[in-house]
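*Asks:* Sharing start_30.cif (mmCIF, C-alpha atoms) below.
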data_input
loop_
_atom_site.label_atom_id
_atom_site.label_comp_id
_atom_site.auth_asym_id
_atom_site.auth_seq_id
_atom_site.Cartn_x
_atom_site.Cartn_y
_atom_site.Cartn_z
CA MET F 1 0.00 0.00 0.00
CA ASN F 2 1.51 3.39 -0.94
CA THR F 3 1.29 6.34 1.43
CA GLU F 4 -1.49 8.04 -0.58
CA GLU F 5 -3.62 4.91 -0.23
CA LYS F 6 -2.73 4.67 3.47
CA TYR F 7 -4.15 8.14 4.16
CA ARG F 8 -7.25 7.46 2.13
CA ARG F 9 -7.82 4.18 3.98
CA ALA F 10 -7.47 6.06 7.28
CA ALA F 11 -10.20 8.48 6.11
CA LEU F 12 -12.34 5.51 5.08
CA LYS F 13 -11.87 3.99 8.53
CA GLU F 14 -13.20 7.25 10.01
CA ALA F 15 -16.24 7.05 7.70
CA GLU F 16 -16.84 3.55 9.04
CA LYS F 17 -16.79 4.91 12.61
CA ALA F 18 -19.50 7.42 11.62
CA ARG F 19 -21.63 4.66 10.11
CA LYS F 20 -21.42 2.64 13.31
CA ILE F 21 -22.98 5.49 15.30
CA ASP F 22 -25.63 6.16 12.64
CA GLU F 23 -24.08 9.35 11.25
CA VAL F 24 -23.76 9.91 7.48
CA PRO F 25 -20.47 8.04 6.88
CA VAL F 26 -17.85 10.58 5.86
CA GLY F 27 -14.32 10.55 7.26
CA ALA F 28 -11.26 12.79 6.98
CA VAL F 29 -7.61 12.98 8.03
CA VAL F 30 -5.04 15.79 7.98
CA VAL F 31 -1.48 14.86 7.00
CA ARG F 32 1.72 16.84 7.71
CA ASP F 33 5.28 15.70 7.01
CA GLY F 34 4.00 12.23 6.18
CA GLN F 35 2.18 11.86 9.51
CA ILE F 36 -1.55 11.83 10.17
CA ILE F 37 -1.98 14.64 12.72
CA ALA F 38 -5.80 14.68 12.92
CA ARG F 39 -8.63 12.24 12.26
CA ALA F 40 -12.37 12.94 12.36
CA HIS F 41 -15.73 11.76 11.13
CA ASN F 42 -19.12 13.32 10.67
CA MET F 43 -20.77 14.06 14.03
CA ARG F 44 -23.67 16.33 13.09
CA GLU F 45 -26.40 14.46 14.97
CA HIS F 46 -24.27 13.58 18.01
CA ASN F 47 -22.88 17.10 18.41
CA GLY F 48 -26.11 18.84 17.34
CA GLN F 49 -23.99 21.12 15.16
CA ALA F 50 -24.39 21.80 11.44
CA MET F 51 -20.65 22.48 11.28
CA ALA F 52 -19.66 19.04 12.61
CA HIS F 53 -18.59 17.63 9.24
CA ALA F 54 -15.53 15.36 9.08
CA GLU F 55 -13.31 17.91 7.27
CA MET F 56 -14.23 20.76 9.63
CA LEU F 57 -13.55 18.69 12.75
CA ALA F 58 -10.26 17.34 11.34
CA ILE F 59 -9.07 20.89 10.49
CA GLN F 60 -10.08 22.10 13.97
CA LYS F 61 -8.09 19.27 15.59
CA ALA F 62 -5.05 19.92 13.38
CA SER F 63 -5.09 23.64 14.23
CA ARG F 64 -5.42 22.86 17.93
CA LYS F 65 -2.43 20.53 17.66
CA LEU F 66 -0.23 22.95 15.72
CA GLY F 67 -1.42 26.11 17.49
CA THR F 68 -2.22 27.96 14.28
CA TRP F 69 -5.10 28.45 11.87
CA CYS F 70 -2.66 28.33 8.94
CA LEU F 71 -2.24 24.76 7.69
CA SER F 72 -0.37 25.58 4.47
CA ASP F 73 1.98 22.60 4.91
CA CYS F 74 -0.89 20.16 5.47
CA ASP F 75 -2.92 17.93 3.14
CA LEU F 76 -6.51 16.82 3.72
CA TYR F 77 -7.88 13.41 2.76
CA VAL F 78 -11.65 12.99 2.84
CA THR F 79 -13.95 10.24 1.55
CA LEU F 80 -16.56 12.57 -0.04
CA GLU F 81 -16.21 15.77 -2.07
CA PRO F 82 -16.47 18.68 0.42
CA CYS F 83 -19.63 20.80 0.69
CA MET F 84 -19.63 24.60 0.43
CA MET F 85 -18.83 25.13 4.11
CA CYS F 86 -15.96 22.62 4.09
CA THR F 87 -14.54 23.86 0.78
CA GLY F 88 -14.58 27.29 2.42
CA VAL F 89 -12.72 26.24 5.56
CA ILE F 90 -10.20 24.21 3.50
CA SER F 91 -9.46 27.40 1.57
CA LEU F 92 -9.38 29.64 4.70
CA ALA F 93 -7.05 27.22 6.52
CA ARG F 94 -4.81 27.23 3.41
CA ILE F 95 -4.78 23.45 3.13
CA ARG F 96 -2.11 22.64 0.50
CA THR F 97 -3.62 19.56 -1.17
CA LEU F 98 -7.17 18.25 -1.05
CA CYS F 99 -7.75 14.59 -1.93
CA TYR F 100 -11.33 13.37 -1.92
CA GLY F 101 -12.72 9.94 -2.68
CA THR F 102 -16.05 10.24 -4.44
CA PRO F 103 -17.78 13.27 -5.97
CA ASP F 104 -21.03 14.61 -4.50
CA PRO F 105 -23.28 15.77 -7.35
CA LYS F 106 -25.89 17.13 -4.89
CA GLY F 107 -23.68 18.97 -2.41
CA GLY F 108 -20.09 19.02 -3.62
CA ALA F 109 -18.78 22.58 -3.82
CA THR F 110 -15.24 21.80 -4.93
CA GLU F 111 -15.84 20.54 -8.46
CA SER F 112 -19.52 19.50 -8.76
CA LEU F 113 -22.00 22.33 -7.99
CA ILE F 114 -19.22 24.93 -7.78
CA ARG F 115 -15.75 24.73 -9.33
CA VAL F 116 -13.83 26.47 -6.56
CA LYS F 117 -10.57 26.83 -8.51
CA GLU F 118 -12.40 29.10 -10.96
CA ILE F 119 -13.52 31.55 -8.26
CA ARG F 120 -11.21 34.52 -7.87
CA HIS F 121 -9.75 35.00 -4.33
CA ILE F 122 -11.46 31.88 -2.88
CA GLY F 123 -9.76 29.56 -5.39
CA THR F 124 -6.18 30.28 -4.20
CA TYR F 125 -6.21 27.30 -1.85
CA PRO F 126 -5.94 24.33 -1.97
CA LYS F 127 -3.06 24.44 -4.42
CA GLU F 128 -3.99 20.99 -5.73
CA ILE F 129 -7.19 18.94 -5.80
CA ARG F 130 -7.10 15.20 -6.48
CA SER F 131 -9.93 12.69 -6.52
CA GLY F 132 -10.82 9.16 -7.50
CA LEU F 133 -8.54 6.80 -5.55
CA LEU F 134 -10.70 4.34 -3.57
CA GLN F 135 -13.72 6.10 -5.10
CA SER F 136 -15.90 2.98 -5.27
CA GLU F 137 -15.17 2.08 -1.63
CA CYS F 138 -15.88 5.64 -0.47
CA ALA F 139 -19.14 5.67 -2.44
CA ALA F 140 -20.12 2.16 -1.27
CA VAL F 141 -20.07 3.07 2.42
CA LEU F 142 -22.49 5.94 1.70
CA GLN F 143 -24.73 3.88 -0.61
CA THR F 144 -25.03 1.08 1.96
CA PHE F 145 -25.91 3.61 4.66
CA PHE F 146 -28.64 5.35 2.65
CA ARG F 147 -30.03 2.04 1.30
CA ALA F 148 -30.45 0.81 4.88
CA LYS F 149 -32.10 4.12 5.86
CA ARG F 150 -34.60 3.85 2.99
CA ALA F 151 -35.38 0.22 3.80
CA ALA F 152 -36.00 1.07 7.47
CA LYS F 153 -38.31 3.93 6.45
CA LYS F 154 -40.25 1.65 4.08
CA GLN F 155 -40.57 -1.01 6.78
CA GLN F 156 -41.82 1.60 9.22
CA LYS F 157 -44.42 2.81 6.73
CA THR F 158 -45.62 -0.75 5.99
CA THR F 159 -45.96 -1.46 9.73
CA ALA F 160 -47.88 1.80 10.23
CA ASP F 161 -50.23 0.97 7.30
CA LEU F 162 -50.98 -2.47 8.79
CA GLN F 163 -51.85 -1.06 12.21
CA MET D 1 -34.94 52.22 16.84
CA ASN D 2 -36.88 49.37 15.17
CA THR D 3 -36.11 45.72 16.01
CA GLU D 4 -34.25 45.13 12.73
CA GLU D 5 -31.93 48.01 13.55
CA LYS D 6 -31.56 46.76 17.13
CA TYR D 7 -30.23 43.38 15.93
CA ARG D 8 -27.90 45.02 13.44
CA ARG D 9 -26.57 47.36 16.13
CA ALA D 10 -25.95 44.33 18.37
CA ALA D 11 -23.91 42.73 15.55
CA LEU D 12 -22.01 46.00 15.11
CA LYS D 13 -21.25 46.03 18.84
CA GLU D 14 -19.74 42.56 18.43
CA ALA D 15 -17.60 43.84 15.54
CA GLU D 16 -16.37 46.58 17.85
CA LYS D 17 -15.36 43.94 20.42
CA ALA D 18 -13.29 42.18 17.72
CA ARG D 19 -11.57 45.46 16.80
CA LYS D 20 -10.62 46.06 20.41
CA ILE D 21 -8.68 42.79 20.53
CA ASP D 22 -7.07 43.38 17.13
CA GLU D 23 -9.20 40.88 15.20
CA VAL D 24 -10.76 41.79 11.82
CA PRO D 25 -13.93 43.53 13.08
CA VAL D 26 -16.90 41.40 12.07
CA GLY D 27 -19.79 40.65 14.43
CA ALA D 28 -22.92 38.50 14.30
CA VAL D 29 -26.03 37.68 16.31
CA VAL D 30 -28.66 34.94 16.01
CA VAL D 31 -32.28 35.93 16.67
CA ARG D 32 -35.21 33.62 17.54
CA ASP D 33 -38.72 34.72 18.51
CA GLY D 34 -37.55 38.31 18.73
CA GLN D 35 -34.73 37.48 21.18
CA ILE D 36 -30.98 37.51 20.56
CA ILE D 37 -29.95 33.97 21.54
CA ALA D 38 -26.29 34.11 20.46
CA ARG D 39 -23.66 36.81 19.92
CA ALA D 40 -20.15 36.36 18.54
CA HIS D 41 -17.29 38.14 16.84
CA ASN D 42 -14.34 37.11 14.75
CA MET D 43 -11.74 35.25 16.86
CA ARG D 44 -9.45 33.72 14.22
CA GLU D 45 -6.15 34.89 15.70
CA HIS D 46 -7.13 34.38 19.34
CA ASN D 47 -8.56 30.90 18.78
CA GLY D 48 -5.96 29.93 16.16
CA GLN D 49 -8.80 28.52 14.08
CA ALA D 50 -9.68 29.36 10.47
CA MET D 51 -13.30 28.55 11.27
CA ALA D 52 -13.58 31.14 14.06
CA HIS D 53 -15.59 33.68 12.04
CA ALA D 54 -18.37 35.61 13.74
CA GLU D 55 -21.22 33.81 11.92
CA MET D 56 -19.78 30.34 12.56
CA LEU D 57 -19.29 31.00 16.28
CA ALA D 58 -22.76 32.55 16.63
CA ILE D 59 -24.38 29.55 14.92
CA GLN D 60 -22.40 27.16 17.14
CA LYS D 61 -23.57 29.01 20.26
CA ALA D 62 -27.20 29.06 19.08
CA SER D 63 -27.13 25.30 18.38
CA ARG D 64 -25.58 24.62 21.76
CA LYS D 65 -28.33 26.67 23.40
CA LEU D 66 -31.20 25.05 21.48
CA GLY D 67 -29.72 21.53 21.42
CA THR D 68 -30.12 21.14 17.67
CA TRP D 69 -28.18 21.79 14.46
CA CYS D 70 -31.43 22.87 12.78
CA LEU D 71 -32.00 26.62 13.20
CA SER D 72 -34.86 26.97 10.71
CA ASP D 73 -36.73 29.40 12.98
CA CYS D 74 -33.67 31.60 13.48
CA ASP D 75 -32.36 34.69 11.69
CA LEU D 76 -28.72 35.73 11.46
CA TYR D 77 -27.50 39.34 11.50
CA VAL D 78 -23.89 39.94 10.51
CA THR D 79 -21.95 43.11 9.72
CA LEU D 80 -20.14 41.76 6.62
CA GLU D 81 -21.34 39.58 3.74
CA PRO D 82 -20.49 35.96 4.70
CA CYS D 83 -17.57 34.11 3.09
CA MET D 84 -17.91 30.70 1.39
CA MET D 85 -17.52 28.76 4.65
CA CYS D 86 -20.07 30.88 6.51
CA THR D 87 -22.55 30.92 3.62
CA GLY D 88 -22.22 27.13 3.70
CA VAL D 89 -22.90 26.76 7.41
CA ILE D 90 -25.79 29.26 7.23
CA SER D 91 -27.32 27.02 4.58
CA LEU D 92 -26.54 23.76 6.44
CA ALA D 93 -28.00 25.11 9.70
CA ARG D 94 -31.11 26.15 7.72
CA ILE D 95 -30.98 29.75 8.94
CA ARG D 96 -34.28 31.33 7.83
CA THR D 97 -33.19 34.91 7.11
CA LEU D 98 -29.72 36.29 6.57
CA CYS D 99 -29.21 40.04 7.04
CA TYR D 100 -25.75 41.41 6.35
CA GLY D 101 -24.46 44.95 6.57
CA THR D 102 -21.90 45.58 3.88
CA PRO D 103 -20.96 43.49 0.82
CA ASP D 104 -17.50 41.89 0.54
CA PRO D 105 -16.38 42.07 -3.10
CA LYS D 106 -13.21 40.05 -2.35
CA GLY D 107 -14.60 37.26 -0.19
CA GLY D 108 -18.41 37.43 -0.11
CA ALA D 109 -19.95 34.15 -1.23
CA THR D 110 -23.58 35.06 -0.74
CA GLU D 111 -24.07 37.62 -3.50
CA SER D 112 -20.61 38.94 -4.55
CA LEU D 113 -18.22 36.19 -5.77
CA ILE D 114 -20.96 33.55 -5.70
CA ARG D 115 -24.72 34.10 -5.84
CA VAL D 116 -25.76 31.31 -3.49
CA LYS D 117 -29.48 31.51 -4.28
CA GLU D 118 -28.70 30.47 -7.85
CA ILE D 119 -26.94 27.25 -6.82
CA ARG D 120 -29.20 24.20 -6.90
CA HIS D 121 -29.47 22.31 -3.54
CA ILE D 122 -27.18 24.73 -1.66
CA GLY D 123 -29.44 27.72 -2.37
CA THR D 124 -32.48 26.37 -0.46
CA TYR D 125 -31.50 28.21 2.71
CA PRO D 126 -31.56 30.97 3.83
CA LYS D 127 -35.10 31.62 2.59
CA GLU D 128 -34.41 35.35 2.48
CA ILE D 129 -31.28 37.49 2.17
CA ARG D 130 -31.33 41.19 3.05
CA SER D 131 -28.51 43.71 3.09
CA GLY D 132 -27.75 47.39 3.33
CA LEU D 133 -29.10 48.68 6.65
CA LEU D 134 -26.26 50.31 8.62
CA GLN D 135 -24.03 49.48 5.64
CA SER D 136 -21.82 52.56 6.00
CA GLU D 137 -21.27 51.93 9.72
CA CYS D 138 -20.47 48.25 9.14
CA ALA D 139 -18.02 49.20 6.37
CA ALA D 140 -16.49 52.04 8.40
CA VAL D 141 -15.41 49.78 11.28
CA LEU D 142 -13.55 47.58 8.76
CA GLN D 143 -12.04 50.52 6.84
CA THR D 144 -10.75 52.13 10.05
CA PHE D 145 -9.21 48.82 11.12
CA PHE D 146 -7.40 48.17 7.84
CA ARG D 147 -6.31 51.82 7.49
CA ALA D 148 -4.66 51.61 10.93
CA LYS D 149 -3.01 48.30 9.97
CA ARG D 150 -1.57 49.80 6.78
CA ALA D 151 -0.33 52.89 8.62
CA ALA D 152 1.38 50.74 11.25
CA LYS D 153 3.05 48.67 8.53
CA LYS D 154 4.26 51.80 6.73
CA GLN D 155 5.60 53.23 9.99
CA GLN D 156 7.41 49.97 10.71
CA LYS D 157 8.97 50.02 7.20
CA THR D 158 10.08 53.66 7.57
CA THR D 159 11.66 52.91 10.95
CA ALA D 160 13.45 49.87 9.50
CA ASP D 161 14.74 51.90 6.54
CA LEU D 162 16.14 54.55 8.90
CA GLN D 163 17.99 52.03 11.05
#
Any chance you could put this one into structure tokens?
*Replies:*
Amino acid sequence: MNTEEKYRRAALKEAEKARKIDEVPVGAVVVRDGQIIARAHNMREHNGQAMAHAEMLAIQKASRKLGTWCLSDCDLYVTLEPCMMCTGVISLARIRTLCYGTPDPKGGATESLIRVKEIRHIGTYPKEIRSGLLQSECAAVLQTFFRAKRAAKKQQKTTADLQ
Amino acid sequence: MNTEEKYRRAALKEAEKARKIDEVPVGAVVVRDGQIIARAHNMREHNGQAMAHAEMLAIQKASRKLGTWCLSDCDLYVTLEPCMMCTGVISLARIRTLCYGTPDPKGGATESLIRVKEIRHIGTYPKEIRSGLLQSECAAVLQTFFRAKRAAKKQQKTTADLQ
């Protein structure tokens, strides 16, 4: 396993942790000098905070560890394309490289709904955006989660109709 | 003073607090049922966190107070047009109405660099965006801050050149 894959697998492991506690399974890690310095997964429901996305929490942890908001020598690995808020904080924290697993056609604000590199001022960071490695695995964890959610909802409806 | 102006003045007071501690002077308040339930100002340098913008901190406080990430019966008043990150969290937290003081042509992602209402999915919230009231006062606090910063820098350069 090369280092790139190692970081992506660590993000995937975080997504798995989110799934286990019934949060939308997205995971992220921040890497500096070849070391993972922060790991996080989506915690919106548990924290009761709209901002508690994996990327945001990982960036917060990394900044706490390094004692600075400026993470220009750090790379972020995340399983899903970041939303508008997370693309914003990635840019504000000056994350050097962003690597995401699978695109998000409904909420992705890095390359799907918005192409951030094309926006003046905002598009300065990250310097590089990569995607695709482990894409099917990153997508699968989300698909399995939402399929189970839909099935549970259908089951609930059927039970309610029978009562 | 009408209530709208009262909320905007409260946000302006927060901006003033930021200025006093040498942070870029931006302030925000969250209003629910006619009451200010959260107040915050920019704390990026003090917290060492890229996410520590006024809007983000105010939304975090409001969610902590109400015990939910969903603030669909809340309005946000902020002195400056929100950046990409803050526009994102305003949308994710389902803030009902966004009122900002002065536009930000270099970083505003609500109506300046990005027109969020035109973006499918993301543009669902806030339901309403208003701007302009107390605009000159909101802009003035920023202009004064940056003017002083530039003057200090120039002074520092002149002193260095003389040494």
*Asks:* Can I have chain D aligned to chain F? Use a least-squares fit on all Cα atoms paired in order and write it out as an mmCIF file with C-alpha atoms, in the coordinates of the input.
*Replies:*
data_model
loop_
_atom_site.group_PDB
_atom_site.id
_atom_site.type_symbol
_atom_site.label_atom_id
_atom_site.label_comp_id
_atom_site.auth_asym_id
_atom_site.auth_seq_id
_atom_site.Cartn_x
_atom_site.Cartn_y
_atom_site.Cartn_z
ATOM 1 C CA MET D 1 -0.002 -0.020 0.017
ATOM 2 C CA ASN D 2 1.482 3.376 -0.955
ATOM 3 C CA THR D 3 1.270 6.361 1.425
ATOM 4 C CA GLU D 4 -1.504 8.044 -0.585
ATOM 5 C CA GLU D 5 -3.623 4.923 -0.237
ATOM 6 C CA LYS D 6 -2.735 4.670 3.460
ATOM 7 C CA TYR D 7 -4.152 8.156 4.152
ATOM 8 C CA ARG D 8 -7.264 7.451 2.119
ATOM 9 C CA ARG D 9 -7.810 4.173 3.972
ATOM 10 C CA ALA D 10 -7.471 6.058 7.276
ATOM 11 C CA ALA D 11 -10.199 8.482 6.111
ATOM 12 C CA LEU D 12 -12.353 5.515 5.084
ATOM 13 C CA LYS D 13 -11.871 4.001 8.543
ATOM 14 C CA GLU D 14 -13.197 7.252 10.011
ATOM 15 C CA ALA D 15 -16.235 7.046 7.709
ATOM 16 C CA GLU D 16 -16.835 3.552 9.048
ATOM 17 C CA LYS D 17 -16.784 4.925 12.613
ATOM 18 C CA ALA D 18 -19.491 7.448 11.623
ATOM 19 C CA ARG D 19 -21.631 4.670 10.119
ATOM 20 C CA LYS D 20 -21.405 2.664 13.316
ATOM 21 C CA ILE D 21 -22.980 5.499 15.304
ATOM 22 C CA ASP D 22 -25.635 6.159 12.656
ATOM 23 C CA GLU D 23 -24.078 9.345 11.263
ATOM 24 C CA VAL D 24 -23.755 9.912 7.487
ATOM 25 C CA PRO D 25 -20.472 8.036 6.884
ATOM 26 C CA VAL D 26 -17.851 10.582 5.874
ATOM 27 C CA GLY D 27 -14.311 10.555 7.272
ATOM 28 C CA ALA D 28 -11.253 12.791 6.978
ATOM 29 C CA VAL D 29 -7.614 12.978 8.030
ATOM 30 C CA VAL D 30 -5.044 15.789 7.978
ATOM 31 C CA VAL D 31 -1.479 14.864 7.000
ATOM 32 C CA ARG D 32 1.722 16.849 7.698
ATOM 33 C CA ASP D 33 5.276 15.695 6.981
ATOM 34 C CA GLY D 34 4.002 12.229 6.166
ATOM 35 C CA GLN D 35 2.184 11.862 9.514
ATOM 36 C CA ILE D 36 -1.559 11.825 10.175
ATOM 37 C CA ILE D 37 -1.979 14.637 12.718
ATOM 38 C CA ALA D 38 -5.793 14.682 12.910
ATOM 39 C CA ARG D 39 -8.631 12.231 12.251
ATOM 40 C CA ALA D 40 -12.360 12.944 12.362
ATOM 41 C CA HIS D 41 -15.727 11.771 11.128
ATOM 42 C CA ASN D 42 -19.117 13.329 10.669
ATOM 43 C CA MET D 43 -20.768 14.056 14.048
ATOM 44 C CA ARG D 44 -23.679 16.329 13.092
ATOM 45 C CA GLU D 45 -26.397 14.463 14.985
ATOM 46 C CA HIS D 46 -24.264 13.596 18.013
ATOM 47 C CA ASN D 47 -22.862 17.109 18.408
ATOM 48 C CA GLY D 48 -26.096 18.839 17.354
ATOM 49 C CA GLN D 49 -23.990 21.126 15.183
ATOM 50 C CA ALA D 50 -24.379 21.802 11.454
ATOM 51 C CA MET D 51 -20.648 22.479 11.291
ATOM 52 C CA ALA D 52 -19.658 19.039 12.616
ATOM 53 C CA HIS D 53 -18.581 17.613 9.243
ATOM 54 C CA ALA D 54 -15.537 15.365 9.074
ATOM 55 C CA GLU D 55 -13.312 17.912 7.275
ATOM 56 C CA MET D 56 -14.233 20.764 9.628
ATOM 57 C CA LEU D 57 -13.541 18.691 12.749
ATOM 58 C CA ALA D 58 -10.256 17.360 11.336
ATOM 59 C CA ILE D 59 -9.076 20.887 10.491
ATOM 60 C CA GLN D 60 -10.071 22.100 13.969
ATOM 61 C CA LYS D 61 -8.084 19.273 15.577
ATOM 62 C CA ALA D 62 -5.040 19.922 13.368
ATOM 63 C CA SER D 63 -5.080 23.648 14.233
ATOM 64 C CA ARG D 64 -5.409 22.869 17.917
ATOM 65 C CA LYS D 65 -2.421 20.533 17.659
ATOM 66 C CA LEU D 66 -0.221 22.954 15.698
ATOM 67 C CA GLY D 67 -1.403 26.119 17.479
ATOM 68 C CA THR D 68 -2.207 27.949 14.257
ATOM 69 C CA TRP D 69 -5.117 28.459 11.856
ATOM 70 C CA CYS D 70 -2.662 28.327 8.940
ATOM 71 C CA LEU D 71 -2.239 24.751 7.675
ATOM 72 C CA SER D 72 -0.364 25.578 4.465
ATOM 73 C CA ASP D 73 1.971 22.591 4.890
ATOM 74 C CA CYS D 74 -0.905 20.170 5.461
ATOM 75 C CA ASP D 75 -2.925 17.929 3.146
ATOM 76 C CA LEU D 76 -6.506 16.819 3.720
ATOM 77 C CA TYR D 77 -7.887 13.400 2.757
ATOM 78 C CA VAL D 78 -11.655 12.990 2.834
ATOM 79 C CA THR D 79 -13.953 10.248 1.555
ATOM 80 C CA LEU D 80 -16.571 12.565 -0.022
ATOM 81 C CA GLU D 81 -16.220 15.760 -2.060
ATOM 82 C CA PRO D 82 -16.472 18.666 0.438
ATOM 83 C CA CYS D 83 -19.624 20.796 0.700
ATOM 84 C CA MET D 84 -19.623 24.612 0.434
ATOM 85 C CA MET D 85 -18.811 25.116 4.125
ATOM 86 C CA CYS D 86 -15.945 22.617 4.095
ATOM 87 C CA THR D 87 -14.537 23.858 0.781
ATOM 88 C CA GLY D 88 -14.570 27.293 2.416
ATOM 89 C CA VAL D 89 -12.707 26.250 5.548
ATOM 90 C CA ILE D 90 -10.203 24.210 3.498
ATOM 91 C CA SER D 91 -9.463 27.394 1.576
ATOM 92 C CA LEU D 92 -9.382 29.626 4.691
ATOM 93 C CA ALA D 93 -7.043 27.224 6.520
ATOM 94 C CA ARG D 94 -4.814 27.236 3.404
ATOM 95 C CA ILE D 95 -4.784 23.444 3.115
ATOM 96 C CA ARG D 96 -2.131 22.636 0.483
ATOM 97 C CA THR D 97 -3.632 19.546 -1.167
ATOM 98 C CA LEU D 98 -7.175 18.253 -1.047
ATOM 99 C CA CYS D 99 -7.756 14.587 -1.920
ATOM 100 C CA TYR D 100 -11.337 13.362 -1.929
ATOM 101 C CA GLY D 101 -12.721 9.934 -2.686
ATOM 102 C CA THR D 102 -16.048 10.221 -4.430
ATOM 103 C CA PRO D 103 -17.782 13.261 -5.968
ATOM 104 C CA ASP D 104 -21.032 14.612 -4.479
ATOM 105 C CA PRO D 105 -23.275 15.774 -7.335
ATOM 106 C CA LYS D 106 -25.891 17.135 -4.886
ATOM 107 C CA GLY D 107 -23.696 18.963 -2.392
ATOM 108 C CA GLY D 108 -20.084 19.028 -3.617
ATOM 109 C CA ALA D 109 -18.771 22.581 -3.818
ATOM 110 C CA THR D 110 -15.246 21.795 -4.915
ATOM 111 C CA GLU D 111 -15.844 20.534 -8.446
ATOM 112 C CA SER D 112 -19.538 19.494 -8.747
ATOM 113 C CA LEU D 113 -22.004 22.337 -7.972
ATOM 114 C CA ILE D 114 -19.218 24.922 -7.778
ATOM 115 C CA ARG D 115 -15.749 24.718 -9.323
ATOM 116 C CA VAL D 116 -13.823 26.450 -6.552
ATOM 117 C CA LYS D 117 -10.578 26.817 -8.511
ATOM 118 C CA GLU D 118 -12.396 29.098 -10.946
ATOM 119 C CA ILE D 119 -13.510 31.548 -8.248
ATOM 120 C CA ARG D 120 -11.198 34.536 -7.871
ATOM 121 C CA HIS D 121 -9.734 34.999 -4.325
ATOM 122 C CA ILE D 122 -11.452 31.896 -2.893
ATOM 123 C CA GLY D 123 -9.747 29.567 -5.387
ATOM 124 C CA THR D 124 -6.171 30.275 -4.196
ATOM 125 C CA TYR D 125 -6.198 27.295 -1.847
ATOM 126 C CA PRO D 126 -5.965 24.328 -1.961
ATOM 127 C CA LYS D 127 -3.065 24.441 -4.424
ATOM 128 C CA GLU D 128 -4.001 21.005 -5.734
ATOM 129 C CA ILE D 129 -7.200 18.947 -5.817
ATOM 130 C CA ARG D 130 -7.117 15.206 -6.497
ATOM 131 C CA SER D 131 -9.935 12.684 -6.524
ATOM 132 C CA GLY D 132 -10.822 9.154 -7.488
ATOM 133 C CA LEU D 133 -8.564 6.777 -5.549
ATOM 134 C CA LEU D 134 -10.720 4.330 -3.558
ATOM 135 C CA GLN D 135 -13.730 6.094 -5.096
ATOM 136 C CA SER D 136 -15.907 2.974 -5.259
ATOM 137 C CA GLU D 137 -15.186 2.084 -1.622
ATOM 138 C CA CYS D 138 -15.882 5.642 -0.449
ATOM 139 C CA ALA D 139 -19.151 5.672 -2.420
ATOM 140 C CA ALA D 140 -20.132 2.175 -1.265
ATOM 141 C CA VAL D 141 -20.073 3.074 2.444
ATOM 142 C CA LEU D 142 -22.494 5.947 1.712
ATOM 143 C CA GLN D 143 -24.735 3.880 -0.594
ATOM 144 C CA THR D 144 -25.027 1.076 1.978
ATOM 145 C CA PHE D 145 -25.915 3.609 4.674
ATOM 146 C CA PHE D 146 -28.637 5.351 2.671
ATOM 147 C CA ARG D 147 -30.023 2.053 1.314
ATOM 148 C CA ALA D 148 -30.459 0.812 4.902
ATOM 149 C CA LYS D 149 -32.105 4.120 5.878
ATOM 150 C CA ARG D 150 -34.593 3.872 3.006
ATOM 151 C CA ALA D 151 -35.378 0.237 3.807
ATOM 152 C CA ALA D 152 -36.001 1.090 7.461
ATOM 153 C CA LYS D 153 -38.316 3.932 6.444
ATOM 154 C CA LYS D 154 -40.248 1.664 4.072
ATOM 155 C CA GLN D 155 -40.559 -0.996 6.773
ATOM 156 C CA GLN D 156 -41.818 1.607 9.234
ATOM 157 C CA LYS D 157 -44.425 2.810 6.683
ATOM 158 C CA THR D 158 -45.598 -0.757 5.959
ATOM 159 C CA THR D 159 -45.950 -1.473 9.680
ATOM 160 C CA ALA D 160 -47.905 1.765 10.173
ATOM 161 C CA ASP D 161 -50.212 0.951 7.248
ATOM 162 C CA LEU D 162 -50.951 -2.490 8.719
ATOM 163 C CA GLN D 163 -51.837 -1.121 12.145
#
*Asks:* Taking 4 positions as the minimum chain separation for residues in the same chain, which residues sit within 12 Å of Pro126 of chain D when counting all atoms listed in the file? Answer as a list in words.
*Replies:*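 The residues that qualify are Leu71, Ser72, Asp73, Cys74, Asp75, Leu76, Cys86, Thr87, Gly88, Val89, Ile90, Ser91, Leu92, Ala93, Arg94, Ile95, Arg96, Thr97, Leu98, Cys99, Thr110, Val116, Lys117, His121, Ile122 and Arg130 of chain D.
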*Asks:* Please determine the contact residues of chain D with respect to chain F at a cut-off of 9 Å, counting only C-alpha atoms, and supply them as JSON, numbers by chain.
*Replies:* {"D": [44, 45, 47, 48, 49, 50, 51, 56, 59, 60, 63, 64, 67, 68, 69, 70, 83, 84, 85, 86, 87, 88, 89, 90, 91, 92, 93, 94, 106, 107, 109, 113, 114, 119, 120, 121, 122]}
*Asks:* Report, in Å with one decimal, the straight-line distance from atom CA of Tyr77 of chain F to atom CA of Leu142 of chain F.
*Replies:*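 Atom CA of Tyr77 of chain F sits 16.4 Å away from atom CA of Leu142 of chain F.
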*Asks:* Kindly give the distance, in Å, that separates atom CA of Arg32 of chain F and atom CA of Lys6 of chain F, rounded to a single decimal.
*Replies:*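 Distance reported for this atom pair: 13.6 Å.
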*Asks:* For Thr79 of chain D, which residue out of D:Arg147, D:Arg115, D:Lys154, D:His53 is the nearest one, using only C-alpha atoms?
*Replies:*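 For Thr79 of chain D, the nearest of the given residues is D:His53.
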*Asks:* Any idea what the distance is between atom CA of Ala28 of chain D and atom CA of Asn42 of chain D?
*Replies:*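 Computing it gives 8.7 Å between the two atoms.
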*Asks:* Might you spell out which residues the PyMOL selection byres ((chain F and resi 19) around 12) would select in the displayed file, as a list of chain:residue names?
*Replies:* F:Leu12, F:Lys13, F:Glu14, F:Ala15, F:Glu16, F:Lys17, F:Ala18, F:Lys20, F:Ile21, F:Asp22, F:Glu23, F:Val24, F:Pro25, F:Val26, F:Gly27, F:His41, F:Asn42, F:Met43, F:Glu45, F:Ala140, F:Val141, F:Leu142, F:Gln143, F:Thr144, F:Phe145, F:Phe146, F:Ala148, F:Lys149
